[in-house]
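K.L.:
This is the structure I have questions about; it appears just below.
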Amino acid sequence: MKAVRFLPPDFHPQEELTLAGVELSVLGIDDLKPDYEAVMESAAALTNLFHEGDNWPLGLTERANLIDLAWHEKEFARGGSYAWGLRRPAAATGYGQGPPRYLGSAYVYPDPDGVAVAHAVHWIRAGEDDPVLCANFKTAWEQWVRGWPMDSVRFSP
């Protein structure tokens, strides 16, 4: 099955990049444990994130999250939508060595409301205690996506 691309066929966003000290990489099944943990920690803040009346992640199981992650990975490869996991490098967490801290996710997909070509959404886990990092990432994220080859983009939150 061929993807329905919403961006020019020769445009392929980066799979890995760093914006304002936050590392982005394609969101997929390898992110299951840290993603599920961050989603559950942030559940109250994530309700209505994608659209009004959306109760995600209410009732989300780890298995259902795995299915979502597999879909994101496949859609990125097909060009139907794009999703990245967000991480703060270990050195930036103050803990030195070890795994990076999983912060949340960022998405760009066809705007379901038809207001714009794309809807860009990101969320950072509720337990993140660095408001400067969050604000700087939001600014860098929006600037990066605005540089894509499309006429319009709608951002939330």
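FYI, nothing fancy with the structure tokens labels: chains A, B, ... in order, residues from 1 per chain, ligands from 1 as they appear.
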Between stretch 7-51 of chain A and stretch 63-75 of chain A, at 9 Å or less, what are the per-residue closest atom pairs and their distances in Å? Count only C-alpha atoms, order by chain and rising residue number, and return it as a Markdown table.
P.N.:
| residue | atom | partner | partner_atom | distance |
| --- | --- | --- | --- | --- |
| A:Val26 | CA | A:Glu73 | CA | 6.8 |
| A:Leu27 | CA | A:Glu73 | CA | 5.9 |
| A:Gly28 | CA | A:Leu69 | CA | 4.6 |
| A:Ile29 | CA | A:Leu69 | CA | 5.2 |
| A:Asp30 | CA | A:Leu69 | CA | 8.4 |
| A:Asp31 | CA | A:Leu69 | CA | 7.6 |
| A:Leu32 | CA | A:Leu66 | CA | 6.0 |
| A:Asp35 | CA | A:Asn65 | CA | 8.3 |
| A:Tyr36 | CA | A:Asn65 | CA | 6.7 |
K.L.:
Now that the selection is made, can you save its residues with N, CA and C atoms as a short mmCIF file (atom, residue, chain, number, x, y, z; two decimals), in the first residue's frame?
P.N.:
data_model
loop_
_atom_site.label_atom_id
_atom_site.label_comp_id
_atom_site.auth_asym_id
_atom_site.auth_seq_id
_atom_site.Cartn_x
_atom_site.Cartn_y
_atom_site.Cartn_z
N VAL A 26 13.53 9.32 14.94
CA VAL A 26 12.26 8.74 14.51
C VAL A 26 11.65 7.93 15.64
N LEU A 27 10.39 8.21 15.93
CA LEU A 27 9.65 7.51 16.98
C LEU A 27 9.26 6.13 16.46
N GLY A 28 9.57 5.11 17.24
CA GLY A 28 9.26 3.76 16.80
C GLY A 28 9.23 2.76 17.94
N ILE A 29 9.19 1.50 17.58
CA ILE A 29 9.00 0.44 18.57
C ILE A 29 10.14 0.35 19.59
N ASP A 30 11.33 0.79 19.23
CA ASP A 30 12.43 0.76 20.19
C ASP A 30 12.24 1.76 21.33
N ASP A 31 11.28 2.65 21.19
CA ASP A 31 11.00 3.65 22.22
C ASP A 31 9.93 3.21 23.21
N LEU A 32 9.47 1.98 23.14
CA LEU A 32 8.31 1.54 23.92
C LEU A 32 8.41 1.87 25.40
N ASP A 35 8.81 5.73 26.22
CA ASP A 35 7.65 6.47 25.74
C ASP A 35 6.44 6.19 26.61
N TYR A 36 6.19 4.93 26.89
CA TYR A 36 5.02 4.56 27.69
C TYR A 36 5.12 5.18 29.08
#
K.L.:
Per DSSP on the backbone, filter chain A down to the residues in strand (DSSP E or B) and report them as a ChimeraX atom specification.
P.N.:
/A:16-19,22-26,82-88,101-110,118-124,153-156
K.L.:
Would you export the selected residues with C-alpha atoms as a PDB file, in the first residue's frame, please?
P.N.:
ATOM      1  CA  GLU A  16      17.771  12.511  13.556  1.00  0.00           C
ATOM      2  CA  LEU A  17      18.583  16.072  14.538  1.00  0.00           C
ATOM      3  CA  THR A  18      19.144  18.282  17.555  1.00  0.00           C
ATOM      4  CA  LEU A  19      17.020  21.365  18.255  1.00  0.00           C
ATOM      5  CA  VAL A  22      16.962  18.257  22.492  1.00  0.00           C
ATOM      6  CA  GLU A  23      17.792  15.219  20.364  1.00  0.00           C
ATOM      7  CA  LEU A  24      15.068  14.032  17.988  1.00  0.00           C
ATOM      8  CA  SER A  25      14.986  10.597  16.385  1.00  0.00           C
ATOM      9  CA  VAL A  26      12.257   8.743  14.507  1.00  0.00           C
ATOM     10  CA  TYR A  82       6.250  12.154  10.825  1.00  0.00           C
ATOM     11  CA  ALA A  83       6.976  11.525  14.508  1.00  0.00           C
ATOM     12  CA  TRP A  84      10.107  11.838  16.620  1.00  0.00           C
ATOM     13  CA  GLY A  85      11.013  10.844  20.146  1.00  0.00           C
ATOM     14  CA  LEU A  86      12.584  13.664  22.131  1.00  0.00           C
ATOM     15  CA  ARG A  87      15.574  13.116  24.399  1.00  0.00           C
ATOM     16  CA  ARG A  88      17.774  15.212  26.576  1.00  0.00           C
ATOM     17  CA  ARG A 101      16.293  11.266  29.447  1.00  0.00           C
ATOM     18  CA  TYR A 102      13.230  10.617  27.292  1.00  0.00           C
ATOM     19  CA  LEU A 103      11.269  13.867  27.177  1.00  0.00           C
ATOM     20  CA  GLY A 104       8.266  13.213  24.940  1.00  0.00           C
ATOM     21  CA  SER A 105       7.331  13.312  21.272  1.00  0.00           C
ATOM     22  CA  ALA A 106       6.849  15.634  18.309  1.00  0.00           C
ATOM     23  CA  TYR A 107       4.617  15.060  15.277  1.00  0.00           C
ATOM     24  CA  VAL A 108       3.847  16.586  11.886  1.00  0.00           C
ATOM     25  CA  TYR A 109       0.863  15.178   9.998  1.00  0.00           C
ATOM     26  CA  PRO A 110      -1.841  16.310   7.588  1.00  0.00           C
ATOM     27  CA  ALA A 118      -0.015  20.258   8.361  1.00  0.00           C
ATOM     28  CA  HIS A 119      -0.630  20.081  12.071  1.00  0.00           C
ATOM     29  CA  ALA A 120       2.527  20.099  14.220  1.00  0.00           C
ATOM     30  CA  VAL A 121       2.261  18.939  17.804  1.00  0.00           C
ATOM     31  CA  HIS A 122       4.806  18.258  20.509  1.00  0.00           C
ATOM     32  CA  TRP A 123       4.660  17.398  24.171  1.00  0.00           C
ATOM     33  CA  ILE A 124       7.264  17.243  26.903  1.00  0.00           C
ATOM     34  CA  VAL A 153       1.189  24.744   9.326  1.00  0.00           C
ATOM     35  CA  ARG A 154      -0.885  24.858  12.498  1.00  0.00           C
ATOM     36  CA  PHE A 155       0.929  24.367  15.823  1.00  0.00           C
ATOM     37  CA  SER A 156      -0.301  23.121  19.154  1.00  0.00           C
TER      38      SER A 156
END
K.L.:
Extract the full set of alpha helix (DSSP H) residues from chain A according to DSSP on the backbone, and format it as a count of residues only.
P.N.:
47
K.L.:
Measuring between only C-alpha atoms, which one of A:Glu52, A:Asp113, A:Glu15, A:Glu62 shows the shortest distance to A:Ala38?
P.N.:
A:Glu62
K.L.:
Would you please work out which residue, of A:Leu60, A:Leu7, A:Phe76, A:Thr139, is nearest to A:Leu46 when using only C-alpha atoms?
P.N.:
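Of A:Leu60, A:Leu7, A:Phe76, A:Thr139, the one nearest A:Leu46, counting only C-alpha atoms, is A:Leu60.
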K.L.:
Find the residue from A:Asp54, A:Glu142, A:Asp151, A:Glu128 that sits nearest to A:Ser42; use only C-alpha atoms when measuring.
P.N.:
A:Glu128
